[in-house]
Every structure is written in C-alpha cells, then in structure tokens.
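Participant: Here you go, this is run_19.txt (compact mmCIF, C-alpha atoms).
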# COMPACT_ATOMS: atom_id res chain seq x y z
CA MET A 279 158.03 119.25 122.95
CA ALA A 280 156.27 115.96 123.71
CA SER A 281 155.99 116.77 127.41
CA ALA A 282 154.64 120.21 126.57
CA ASP A 283 151.94 118.66 124.34
CA VAL A 284 150.92 116.28 127.10
CA THR A 285 150.80 119.12 129.60
CA SER A 286 148.63 121.18 127.29
CA MET A 287 146.21 118.25 126.77
CA ARG A 288 145.64 117.65 130.49
CA PRO A 289 142.96 120.35 130.95
CA VAL A 290 141.07 118.99 127.95
CA LEU A 291 141.21 115.42 129.28
CA ARG A 292 140.08 116.59 132.71
CA THR A 293 137.15 118.45 131.17
CA THR A 294 136.14 115.43 129.07
CA SER A 295 136.33 113.03 132.01
CA ALA A 296 134.41 115.46 134.19
CA ARG A 297 131.66 115.62 131.58
CA LYS A 298 131.45 111.83 131.40
CA VAL A 299 131.26 111.56 135.19
CA GLY A 300 128.59 114.23 135.21
CA ARG A 301 126.53 112.37 132.62
CA VAL A 302 126.79 109.11 134.57
CA ARG A 303 125.74 110.83 137.80
CA HIS A 304 122.86 112.53 136.01
CA THR A 305 121.66 109.22 134.55
CA ALA A 306 121.98 107.47 137.90
CA GLY A 307 120.02 110.28 139.53
CA ARG A 308 117.23 110.00 137.00
CA MET A 309 117.10 106.23 137.52
CA ARG A 310 116.79 106.71 141.29
CA LYS A 311 114.01 109.26 140.79
CA GLU A 312 112.12 106.91 138.47
CA TRP A 313 112.41 103.80 140.65
CA SER A 314 108.62 103.48 140.70
CA ALA A 315 108.59 102.90 136.93
CA TYR A 316 111.03 100.00 137.29
CA LEU A 317 108.92 98.66 140.14
CA PHE A 318 105.87 98.54 137.88
CA LEU A 319 107.91 96.96 135.06
CA ALA A 320 109.45 94.32 137.32
CA PRO A 321 106.55 91.77 137.30
CA GLY A 322 106.30 91.82 133.50
CA LEU A 323 110.07 91.62 133.06
CA LEU A 324 110.24 88.75 135.56
CA LEU A 325 107.52 86.79 133.80
CA PHE A 326 109.09 87.46 130.40
CA SER A 327 112.51 86.38 131.65
CA VAL A 328 111.27 83.15 133.23
CA PHE A 329 108.59 82.01 130.78
CA THR A 330 110.13 83.29 127.53
CA VAL A 331 113.87 83.90 127.73
CA PHE A 332 114.70 81.07 130.14
CA ALA A 333 112.16 78.70 128.55
CA LEU A 334 113.57 79.35 125.08
CA GLY A 335 117.13 78.83 126.26
CA PHE A 336 116.23 75.64 128.12
CA ALA A 337 114.36 74.31 125.09
CA LEU A 338 117.46 74.89 122.97
CA TYR A 339 119.49 73.06 125.62
CA LEU A 340 117.08 70.10 125.45
CA THR A 341 117.58 69.72 121.70
CA PHE A 342 121.13 68.52 122.32
CA HIS A 343 120.08 65.83 124.81
CA GLU A 344 118.10 62.63 124.83
CA TRP A 345 115.75 64.09 127.40
CA SER A 346 112.96 61.76 128.49
CA ILE A 347 110.68 62.41 131.45
CA ILE A 348 110.60 58.76 132.52
CA GLU A 349 114.32 58.06 132.09
CA PRO A 350 116.79 59.23 134.77
CA ASP A 351 119.71 59.45 132.33
CA LYS A 352 119.65 62.39 129.94
CA PRO A 353 122.84 62.04 127.88
CA PHE A 354 124.24 64.68 125.56
CA ILE A 355 123.80 63.54 121.94
CA GLY A 356 124.84 66.63 119.99
CA LEU A 357 122.94 67.12 116.72
CA GLN A 358 121.38 63.66 116.68
CA ASN A 359 117.87 65.01 117.34
CA TYR A 360 118.18 67.30 114.33
CA ARG A 361 119.36 64.42 112.14
CA ASP A 362 116.46 62.29 113.37
CA MET A 363 114.03 65.10 112.56
CA LEU A 364 115.28 65.38 108.98
CA GLY A 365 114.89 61.63 108.48
CA ASP A 366 111.57 61.29 110.32
CA LYS A 367 108.81 60.18 107.94
CA ASP A 368 106.06 61.14 110.40
CA PHE A 369 107.51 64.63 110.69
CA ARG A 370 107.50 65.04 106.91
CA THR A 371 103.88 63.86 106.89
CA SER A 372 102.99 66.47 109.50
CA VAL A 373 104.69 69.16 107.40
CA VAL A 374 102.67 68.13 104.34
CA ASN A 375 99.43 68.10 106.37
CA THR A 376 100.20 71.53 107.80
CA ALA A 377 100.97 72.90 104.34
CA TYR A 378 97.67 71.45 103.06
CA PHE A 379 95.76 73.05 105.92
CA THR A 380 97.53 76.39 105.40
CA GLY A 381 97.10 76.42 101.63
CA ALA A 382 93.38 75.71 101.95
CA SER A 383 92.34 77.71 105.00
CA VAL A 384 94.33 80.95 104.68
CA PRO A 385 93.25 81.95 101.12
CA LEU A 386 89.63 80.97 101.79
CA THR A 387 89.52 82.93 105.05
CA MET A 388 91.02 86.02 103.44
CA LEU A 389 88.83 85.83 100.32
CA ILE A 390 85.58 85.38 102.24
CA GLY A 391 86.63 88.03 104.75
CA LEU A 392 87.29 90.51 101.93
CA GLY A 393 83.91 89.77 100.36
CA LEU A 394 82.09 90.30 103.65
CA ALA A 395 84.06 93.48 104.32
CA LEU A 396 83.14 94.89 100.91
CA LEU A 397 79.49 94.03 101.54
CA LEU A 398 79.34 95.42 105.08
CA ASN A 399 81.23 98.56 104.09
CA GLN A 400 78.15 99.61 102.13
CA PRO A 401 75.50 101.84 103.75
CA LEU A 402 73.23 98.94 104.71
CA ARG A 403 70.57 99.19 107.40
CA GLY A 404 71.55 97.24 110.50
CA ARG A 405 75.02 96.40 109.23
CA TRP A 406 76.43 96.62 112.76
CA VAL A 407 74.30 93.59 113.66
CA LEU A 408 75.78 91.61 110.78
CA ARG A 409 79.30 92.70 111.72
CA THR A 410 78.73 91.49 115.27
CA MET A 411 77.29 88.17 114.11
CA TYR A 412 80.21 87.48 111.77
CA PHE A 413 82.73 88.41 114.45
CA LEU A 414 81.19 86.31 117.24
CA PRO A 415 83.02 83.06 116.23
CA VAL A 416 86.34 84.87 116.67
CA VAL A 417 85.69 85.65 120.35
CA THR A 418 84.06 82.28 121.09
CA PRO A 419 86.44 79.88 122.91
CA PHE A 420 88.04 77.64 120.31
CA VAL A 421 87.47 74.45 122.30
CA VAL A 422 83.73 75.19 122.43
CA VAL A 423 83.64 75.82 118.68
CA ALA A 424 85.52 72.58 117.98
CA ILE A 425 83.15 70.55 120.17
CA ILE A 426 80.09 72.04 118.46
CA TRP A 427 81.47 71.33 115.01
CA LYS A 428 82.41 67.80 116.05
CA TRP A 429 78.75 67.30 116.96
CA LEU A 430 77.65 68.77 113.62
CA TYR A 431 79.96 66.33 111.81
CA ASN A 432 78.72 63.29 113.77
CA GLY A 433 77.95 60.42 111.40
CA ASP A 434 74.88 59.18 113.30
CA PHE A 435 73.03 62.30 114.49
CA GLY A 436 74.99 65.26 113.10
CA LEU A 437 73.05 68.08 111.47
CA PHE A 438 75.14 68.04 108.30
CA ASN A 439 74.28 64.44 107.49
CA TYR A 440 70.67 64.99 108.54
CA TYR A 441 70.04 67.83 106.08
CA LEU A 442 72.10 66.25 103.30
CA LEU A 443 70.05 63.07 103.60
CA LYS A 444 66.79 65.03 103.77
CA THR A 445 67.63 66.87 100.55
CA HIS A 446 68.78 63.60 98.91
CA LEU A 447 72.23 65.02 98.18
CA ILE A 448 73.75 61.88 99.70
CA ASP A 449 72.44 58.33 100.07
CA ASN A 450 74.45 57.27 103.11
CA PRO A 451 75.77 59.24 106.09
CA LEU A 452 79.26 60.65 105.59
CA LEU A 453 81.96 59.94 108.15
CA TRP A 454 83.32 63.47 108.09
CA LEU A 455 86.05 63.05 110.69
CA SER A 456 86.76 59.34 110.15
CA ASP A 457 87.18 59.33 106.37
CA LYS A 458 90.79 59.98 105.39
CA HIS A 459 89.66 62.04 102.41
CA LEU A 460 87.14 64.19 104.34
CA ALA A 461 88.85 64.71 107.70
CA MET A 462 91.19 67.54 106.73
CA PRO A 463 88.64 69.40 104.54
CA SER A 464 86.23 69.20 107.49
CA VAL A 465 88.79 70.76 109.81
CA VAL A 466 89.55 73.43 107.20
CA LEU A 467 85.86 74.32 106.87
CA MET A 468 85.51 74.72 110.63
CA SER A 469 88.68 76.85 110.81
CA VAL A 470 87.52 79.12 107.98
CA TRP A 471 84.16 79.65 109.70
CA SER A 472 85.81 80.57 112.99
CA GLY A 473 88.48 82.86 111.50
CA VAL A 474 86.68 84.73 108.73
CA GLY A 475 85.37 87.36 111.16
CA PHE A 476 88.88 88.52 112.00
CA SER A 477 89.76 88.95 108.32
CA MET A 478 86.51 90.83 107.80
CA ILE A 479 87.23 93.31 110.61
CA VAL A 480 90.80 93.94 109.47
CA TYR A 481 89.70 94.42 105.86
CA LEU A 482 86.93 96.77 107.03
CA ALA A 483 89.52 98.90 108.78
CA GLY A 484 91.62 98.93 105.60
CA LEU A 485 88.64 99.85 103.42
CA GLN A 486 87.70 102.74 105.67
CA GLY A 487 91.25 104.03 105.45
CA ILE A 488 91.14 104.37 101.65
CA PRO A 489 90.59 108.04 100.65
CA SER A 490 87.20 108.51 99.03
CA GLU A 491 88.80 110.90 96.52
CA LEU A 492 90.46 107.95 94.78
CA HIS A 493 87.12 106.25 94.13
CA GLU A 494 85.57 109.54 93.05
CA ALA A 495 88.38 110.18 90.59
CA ALA A 496 88.08 106.65 89.17
CA ARG A 497 84.30 107.07 88.86
CA VAL A 498 84.77 110.37 87.00
CA ASP A 499 87.18 108.64 84.63
CA GLY A 500 84.47 106.11 83.79
CA ALA A 501 85.66 103.17 85.89
CA GLY A 502 82.96 100.71 86.86
CA PRO A 503 82.62 98.92 90.23
CA PHE A 504 84.79 95.98 89.18
CA GLN A 505 87.50 98.26 87.73
CA ARG A 506 87.52 100.39 90.89
CA LEU A 507 87.85 97.23 92.96
CA ARG A 508 90.70 95.94 90.82
CA HIS A 509 92.69 99.14 90.29
CA VAL A 510 91.92 101.12 93.46
CA THR A 511 90.62 99.01 96.33
CA ILE A 512 92.81 95.91 96.07
CA PRO A 513 96.12 97.82 95.53
CA MET A 514 95.33 100.10 98.47
CA LEU A 515 94.63 97.03 100.63
CA ALA A 516 98.05 95.51 99.90
CA PRO A 517 99.49 96.22 103.41
CA THR A 518 96.33 94.82 105.00
CA THR A 519 96.52 91.72 102.82
CA LEU A 520 100.19 91.21 103.72
CA PHE A 521 99.37 91.50 107.42
CA LEU A 522 96.55 88.96 107.17
CA LEU A 523 98.67 86.62 105.04
CA VAL A 524 101.59 86.63 107.48
CA MET A 525 99.36 86.26 110.54
CA GLY A 526 97.27 83.60 108.81
CA ILE A 527 100.26 81.47 107.87
CA ILE A 528 101.77 81.79 111.35
CA GLY A 529 98.46 80.85 112.94
CA SER A 530 97.74 77.95 110.59
CA PHE A 531 101.21 76.49 111.08
CA GLN A 532 100.40 76.40 114.78
CA VAL A 533 96.99 74.74 114.39
CA PHE A 534 96.35 72.39 117.29
CA THR A 535 93.06 72.83 119.17
CA GLN A 536 90.68 71.67 116.45
CA ILE A 537 92.97 68.73 115.63
CA PHE A 538 93.18 67.71 119.28
CA VAL A 539 89.43 67.97 119.91
CA MET A 540 88.01 66.76 116.60
CA THR A 541 90.34 64.15 115.07
CA SER A 542 93.30 63.45 117.43
CA GLY A 543 95.53 63.44 114.38
CA GLY A 544 93.61 60.71 112.55
CA PRO A 545 92.54 58.93 110.56
CA VAL A 546 95.87 57.30 109.64
CA LYS A 547 97.70 60.57 110.50
CA ARG A 548 95.88 62.49 107.76
CA THR A 549 95.29 65.41 110.16
CA THR A 550 98.48 65.18 112.22
CA THR A 551 99.89 68.69 111.96
CA MET A 552 103.30 69.88 113.12
CA VAL A 553 102.16 71.21 116.49
CA TYR A 554 100.09 68.10 117.17
CA TYR A 555 103.11 65.94 116.32
CA ILE A 556 105.17 68.02 118.76
CA TYR A 557 102.49 67.42 121.39
CA GLU A 558 102.56 63.67 120.75
CA SER A 559 106.35 63.53 120.98
CA ALA A 560 106.36 65.45 124.25
CA PHE A 561 103.31 64.21 126.15
CA LYS A 562 102.62 60.79 124.66
CA PHE A 563 106.13 59.49 124.09
CA TYR A 564 107.80 61.80 126.69
CA GLU A 565 110.65 62.70 124.32
CA MET A 566 111.14 66.28 125.44
CA GLY A 567 114.46 66.69 123.67
CA TYR A 568 113.07 65.58 120.32
CA ALA A 569 109.87 67.62 120.80
CA SER A 570 111.97 70.73 121.44
CA THR A 571 113.89 70.01 118.25
CA LEU A 572 110.63 69.77 116.32
CA ALA A 573 109.54 73.10 117.80
CA PHE A 574 112.70 74.77 116.55
CA GLY A 575 112.11 73.18 113.15
CA LEU A 576 108.64 74.76 113.13
CA PHE A 577 110.17 78.11 114.05
CA ALA A 578 112.67 77.83 111.19
CA LEU A 579 109.89 77.13 108.67
CA LEU A 580 107.82 80.08 109.91
CA PHE A 581 110.84 82.35 109.81
CA VAL A 582 111.65 81.39 106.22
CA PHE A 583 108.03 81.82 105.06
CA THR A 584 107.78 85.23 106.71
CA LEU A 585 111.03 86.43 105.12
CA ILE A 586 109.85 85.26 101.69
CA GLN A 587 106.55 87.09 102.04
CA LEU A 588 108.20 90.32 103.20
CA ARG A 589 110.72 90.20 100.38
CA LEU A 590 108.04 89.61 97.77
CA TYR A 591 106.01 92.50 99.18
CA ARG A 592 108.99 94.88 99.09
CA ARG A 593 109.86 93.79 95.56
CA SER A 594 106.31 94.41 94.38
CA ASN A 595 106.35 97.92 95.87
CA SER A 596 109.80 98.85 94.57
Mind turning this structure into structure tokens?
Facilitator:
Amino acid sequence: MASADVTSMRPVLRTTSARKVGRVRHTAGRMRKEWSAYLFLAPGLLLFSVFTVFALGFALYLTFHEWSIIEPDKPFIGLQNYRDMLGDKDFRTSVVNTAYFTGASVPLTMLIGLGLALLLNQPLRGRWVLRTMYFLPVVTPFVVVAIIWKWLYNGDFGLFNYYLLKTHLIDNPLLWLSDKHLAMPSVVLMSVWSGVGFSMIVYLAGLQGIPSELHEAARVDGAGPFQRLRHVTIPMLAPTTLFLLVMGIIGSFQVFTQIFVMTSGGPVKRTTTMVYYIYESAFKFYEMGYASTLAFGLFALLFVFTLIQLRLYRRSNS
C-alpha cells in the first residue's frame, strides 16, 4: 500500500517541480530582458553600498577598537568605548546643550512658522512675494547665513549692538557669542530665523489640504476665528505638526554648522553640541573609535525620541 501511495504521488510531485522550474525560468527571463533597469540602478546601489552600508558597518567595527589616526596600533578593546562614553562628563554636557538647543529652537520655529502660514494663507495682495521672502533663508547656504549672523553679533561693529545702543536699550555692547549666557540663545535665534520658512511652507500645504466645508460648518454653528483655529485647524494639522516635530528634533540633534562657524563650541563648552563633540573627538583628538561610539550614541537617542513621539501620536489618535 505504501509503494502504491508513493507511485500515485509521483505525477503530482513532477507537476509541482515542473511549475517551480517554470517560474524560476520565467523570472530569470524577465531579469535578462530588464537588464537595462539594473544597469541604471547600479551606480546608485554602488554608492549606497560603499558610502552607507559599508561605512555604517566599518563605523560599528571602529567602536570596538582604540582606533587613532596617528597611532599604528589599533587594539581591540571590546565595550570600553561605550563605558567611556557613559562616564564622559563632556559628552553629558554636549547632550544637555543639544537638548537646550532643541527645546528652544524647535517649538519656536514651529510656532512662528504656523503663525506665518495662517497669515499668508489669507487672500492678501502680493502674498507670493512674502512667501518667497520668508523661504529664502531656507535655500541660502547655511555657512553663508552663519557668517552673516556672526557679523551681526560682532561686539565692536555688529548691527545688533549698534541699534541697541542707538535706542538706549543697552549701555554697553553685548558680547553675544562670547558671553556664556548669551551664546546659545544667539545660536538659537539664528537657527529659528533660517528654519522658520520651511515650517511655514509645510504648514501652508497642510492648511490648504483642510476641507473648507469644515470651516463653513463651524462658522454656521457660531464658532469664532479662535474657536475654529482651536477645534478645526490645529486638530487637522496634527500629522503636519508630527512631521515637523520629528524632522525638527532630528535636525536640531545634528546641529553643527552654526556652532562650527559662530562659536567653535565655546565659551567654556556652553555651545558644544553632540555632533560638534563628535567632530572634536574625530578631527581634533583623532580618536576615530571613540567618535564612532559617540555617533552611535546620538543615533540611539534619536531613535528613542522618534519612537516616543510616534507612540504618543498613535495614542492620541486611538
């Protein structure tokens, strides 16, 4: 009986295997016909493999070594770099400075961007000119913006001190970038000015995607402008706000250019952010292994913050 069952199953097995072979041949034939598509994808895949996949893997490899550019020996040290990072006082200071910068710049940028978007969403004459003017700082090279603002903050001939002295708001010139209490707020102000145009454009897109029927229904029910803003506009902009919040936090945690150009991490490390501290570890002290460890620490913080924000958003919509 067993041999008869096996014999009866052989045609079925042959049919199944023939189908599988046919599928494989069909897929291989399609791949040969579409070789041009793979040819066009090859440069991008090569660059991604070398500069992203390989670089990320090599950076992870460096975290387990005492890897210095100027030292020939690069011994394996296991998790010592991670232990050093957790006990590094300067790293904790950079985390606090980055959190300060993020907590000040992201809400201000989003709030001002929302206000401008609400204003420029109205049927104003020449509003496209205002939209362009507010968006220009976003497309201006960041190094150029930082240099201009560094000149504006100059203690001897900067425009800020000049007009503040002329209006008698201050008696002596302020050292905007040299005072430990003013340096970070000065960088925050410059960052808000340069980033508010992006928030404005994104909020404008969100506002124009809100159905006008909702505002009409609220107006018929007797809701005023503030009530419509609170109960219609802001709830409908929740996905836009989440997007800007996530992107803003990711971008502010990676702040570097304005710190490098304007303050170089000073005074007394009051503006040393996480990315600038990574830069110092790698290109001033040549500790590539430790700098790679700090970079993975930054990634872990960003990952945790993003997960928290997404979970809070899902919970609020559930």
Participant: So, counting all atoms listed in the file, which residue among A:Leu397, A:Leu317, A:Leu576, A:Met462 is closest to Ile527 in chain A?
Facilitator: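 Smallest distance to Ile527 in chain A is found for A:Leu576.
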Participant: Do a neighbour search on Trp454 in chain A at 12 Å with all atoms listed in the file, toss out local chain neighbours closer than 6 positions, and write the hits as a count of residues only.
Facilitator: 25
Participant: Just want the 9 Å neighbourhood of Phe379 in chain A, counted on all atoms listed in the file, with same-chain residues fewer than 3 positions away dropped. Output as a list of chain:residue names.
Facilitator: A:Val374, A:Asn375, A:Thr376, A:Ala382, A:Ser383, A:Val384, A:Met462, A:Pro463, A:Val465, A:Val466, A:Ser530, A:Phe531, A:Val533, A:Thr549, A:Thr551
Participant: Rounded to one decimal in Å, what is the spacing between CA of Lys458 in chain A and CA of Ser542 in chain A?
Facilitator: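 We find that CA of Lys458 in chain A and CA of Ser542 in chain A lie 12.8 Å from each other.
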Participant: Which polymer residues, whether protein, DNA or RNA, lie within 12 Å of the coordinate (114.6, 58.9, 130.1) when you count all atoms listed in the file? List them as a PyMOL selection string, using the chain letters and numbers from the file.
Facilitator: chain A and resi 343-353+563-568
Participant: Measuring atom to atom with all atoms listed in the file, identify which of A:Ile586, A:Val498, A:Leu389, A:Met552 is nearest to Thr571 in chain A.
Facilitator: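 Among the listed residues, the smallest separation from Thr571 in chain A belongs to A:Met552.
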Participant: Please list as a PDB file with C-alpha atoms, keeping the file's coordinate frame every residue within 6 Å of Met478 in chain A, counting all atoms listed in the file and excluding residues in the same chain fewer than 5 positions away.
Facilitator:
ATOM      1  CA  GLY A 391      86.630  88.030 104.750  1.00  0.00           C
ATOM      2  CA  LEU A 392      87.290  90.510 101.930  1.00  0.00           C
ATOM      3  CA  ALA A 395      84.060  93.480 104.320  1.00  0.00           C
TER       4      ALA A 395
END
Participant: So the first atom is CA of Leu396 in chain A and the second is CA of Gly381 in chain A; what is the distance between them in Å, to one decimal place?
Facilitator: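 Distance between the two atoms: 23.2 Å.
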Participant: Go through A:Tyr360, A:Phe476, A:Phe435, A:Phe413 and flag the residue nearest Leu522 in chain A, using all atoms listed in the file for the distances.
Facilitator: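 Using all atoms listed in the file, the shortest distance to Leu522 in chain A belongs to A:Phe476.
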Participant: Which of these residues is nearest to Arg497 in chain A, using only C-alpha atoms: A:Val510, A:Leu588, A:Leu443, A:Leu580?
Facilitator: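 The closest residue to Arg497 in chain A is A:Val510.
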Participant: Could you give me, as a list in words, the residues within 9 Å of Phe574 in chain A, counting only C-alpha atoms and dropping anything in the same chain fewer than 3 positions from it?
Facilitator: Ala337, Leu338, Thr341, Ala569, Ser570, Thr571, Phe577, Ala578 and Leu579 of chain A
Participant: Since fewer atoms than expected are present, regenerate N, CA and C atoms for range 323-357 of chain A and write them as a tab-separated table (two decimals), in the coordinates of the input.
Facilitator:
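Everything below was put into part-v9.tsv:
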chain	number	residue	atom	x	y	z
A	323	LEU	N	108.72	92.05	133.44
A	323	LEU	CA	110.07	91.62	133.06
A	323	LEU	C	110.41	90.27	133.67
A	324	LEU	N	109.97	90.03	134.91
A	324	LEU	CA	110.24	88.75	135.56
A	324	LEU	C	109.53	87.62	134.83
A	325	LEU	N	108.26	87.83	134.52
A	325	LEU	CA	107.52	86.79	133.80
A	325	LEU	C	108.11	86.54	132.42
A	326	PHE	N	108.48	87.62	131.72
A	326	PHE	CA	109.09	87.46	130.40
A	326	PHE	C	110.41	86.72	130.49
A	327	SER	N	111.20	87.03	131.51
A	327	SER	CA	112.51	86.38	131.65
A	327	SER	C	112.36	84.90	131.95
A	328	VAL	N	111.40	84.55	132.81
A	328	VAL	CA	111.27	83.15	133.23
A	328	VAL	C	110.57	82.32	132.15
A	329	PHE	N	109.43	82.82	131.65
A	329	PHE	CA	108.59	82.01	130.78
A	329	PHE	C	108.90	82.18	129.29
A	330	THR	N	109.76	83.13	128.94
A	330	THR	CA	110.13	83.29	127.53
A	330	THR	C	111.62	83.11	127.33
A	331	VAL	N	112.43	83.96	127.95
A	331	VAL	CA	113.87	83.90	127.73
A	331	VAL	C	114.44	82.59	128.28
A	332	PHE	N	114.17	82.30	129.54
A	332	PHE	CA	114.70	81.07	130.14
A	332	PHE	C	114.12	79.83	129.46
A	333	ALA	N	112.79	79.86	129.19
A	333	ALA	CA	112.16	78.70	128.55
A	333	ALA	C	112.75	78.44	127.17
A	334	LEU	N	112.99	79.52	126.41
A	334	LEU	CA	113.57	79.35	125.08
A	334	LEU	C	114.99	78.80	125.17
A	335	GLY	N	115.77	79.34	126.09
A	335	GLY	CA	117.13	78.83	126.26
A	335	GLY	C	117.17	77.38	126.72
A	336	PHE	N	116.27	77.03	127.63
A	336	PHE	CA	116.23	75.64	128.12
A	336	PHE	C	115.76	74.69	127.03
A	337	ALA	N	114.81	75.15	126.21
A	337	ALA	CA	114.36	74.31	125.09
A	337	ALA	C	115.49	74.05	124.11
A	338	LEU	N	116.30	75.09	123.84
A	338	LEU	CA	117.46	74.89	122.97
A	338	LEU	C	118.45	73.92	123.60
A	339	TYR	N	118.61	73.99	124.91
A	339	TYR	CA	119.49	73.06	125.62
A	339	TYR	C	118.98	71.63	125.49
A	340	LEU	N	117.64	71.44	125.54
A	340	LEU	CA	117.08	70.10	125.45
A	340	LEU	C	117.32	69.46	124.09
A	341	THR	N	117.41	70.29	123.04
A	341	THR	CA	117.58	69.72	121.70
A	341	THR	C	118.88	68.96	121.54
A	342	PHE	N	119.84	69.21	122.40
A	342	PHE	CA	121.13	68.52	122.32
A	342	PHE	C	121.23	67.34	123.28
A	343	HIS	N	120.09	66.93	123.85
A	343	HIS	CA	120.08	65.83	124.81
A	343	HIS	C	118.95	64.86	124.49
A	344	GLU	N	119.17	63.63	124.88
A	344	GLU	CA	118.10	62.63	124.83
A	344	GLU	C	117.32	62.73	126.13
A	345	TRP	N	116.41	63.68	126.15
A	345	TRP	CA	115.75	64.09	127.40
A	345	TRP	C	114.36	63.45	127.46
A	346	SER	N	114.23	62.44	128.30
A	346	SER	CA	112.96	61.76	128.49
A	346	SER	C	112.51	61.97	129.93
A	347	ILE	N	111.20	62.18	130.11
A	347	ILE	CA	110.68	62.41	131.45
A	347	ILE	C	110.81	61.17	132.32
A	348	ILE	N	110.64	60.00	131.74
A	348	ILE	CA	110.60	58.76	132.52
A	348	ILE	C	111.97	58.11	132.68
A	349	GLU	N	112.98	58.64	132.00
A	349	GLU	CA	114.32	58.06	132.09
A	349	GLU	C	115.21	58.96	132.96
A	350	PRO	N	115.93	58.39	133.92
A	350	PRO	CA	116.79	59.23	134.77
A	350	PRO	C	118.01	59.77	134.03
A	351	ASP	N	118.54	59.01	133.08
A	351	ASP	CA	119.71	59.45	132.33
A	351	ASP	C	119.28	60.33	131.16
A	352	LYS	N	119.95	61.45	131.03
A	352	LYS	CA	119.65	62.39	129.94
A	352	LYS	C	120.97	62.75	129.26
A	353	PRO	N	121.51	61.84	128.44
A	353	PRO	CA	122.84	62.04	127.88
A	353	PRO	C	122.85	63.11	126.79
A	354	PHE	N	124.02	63.72	126.64
A	354	PHE	CA	124.24	64.68	125.56
A	354	PHE	C	124.47	63.91	124.27
A	355	ILE	N	123.70	64.27	123.21
A	355	ILE	CA	123.80	63.54	121.94
A	355	ILE	C	124.12	64.48	120.78
A	356	GLY	N	124.45	65.72	121.05
A	356	GLY	CA	124.84	66.63	119.99
A	356	GLY	C	123.69	66.96	119.04
A	357	LEU	N	123.93	66.79	117.76
A	357	LEU	CA	122.94	67.12	116.72
A	357	LEU	C	122.10	65.93	116.29
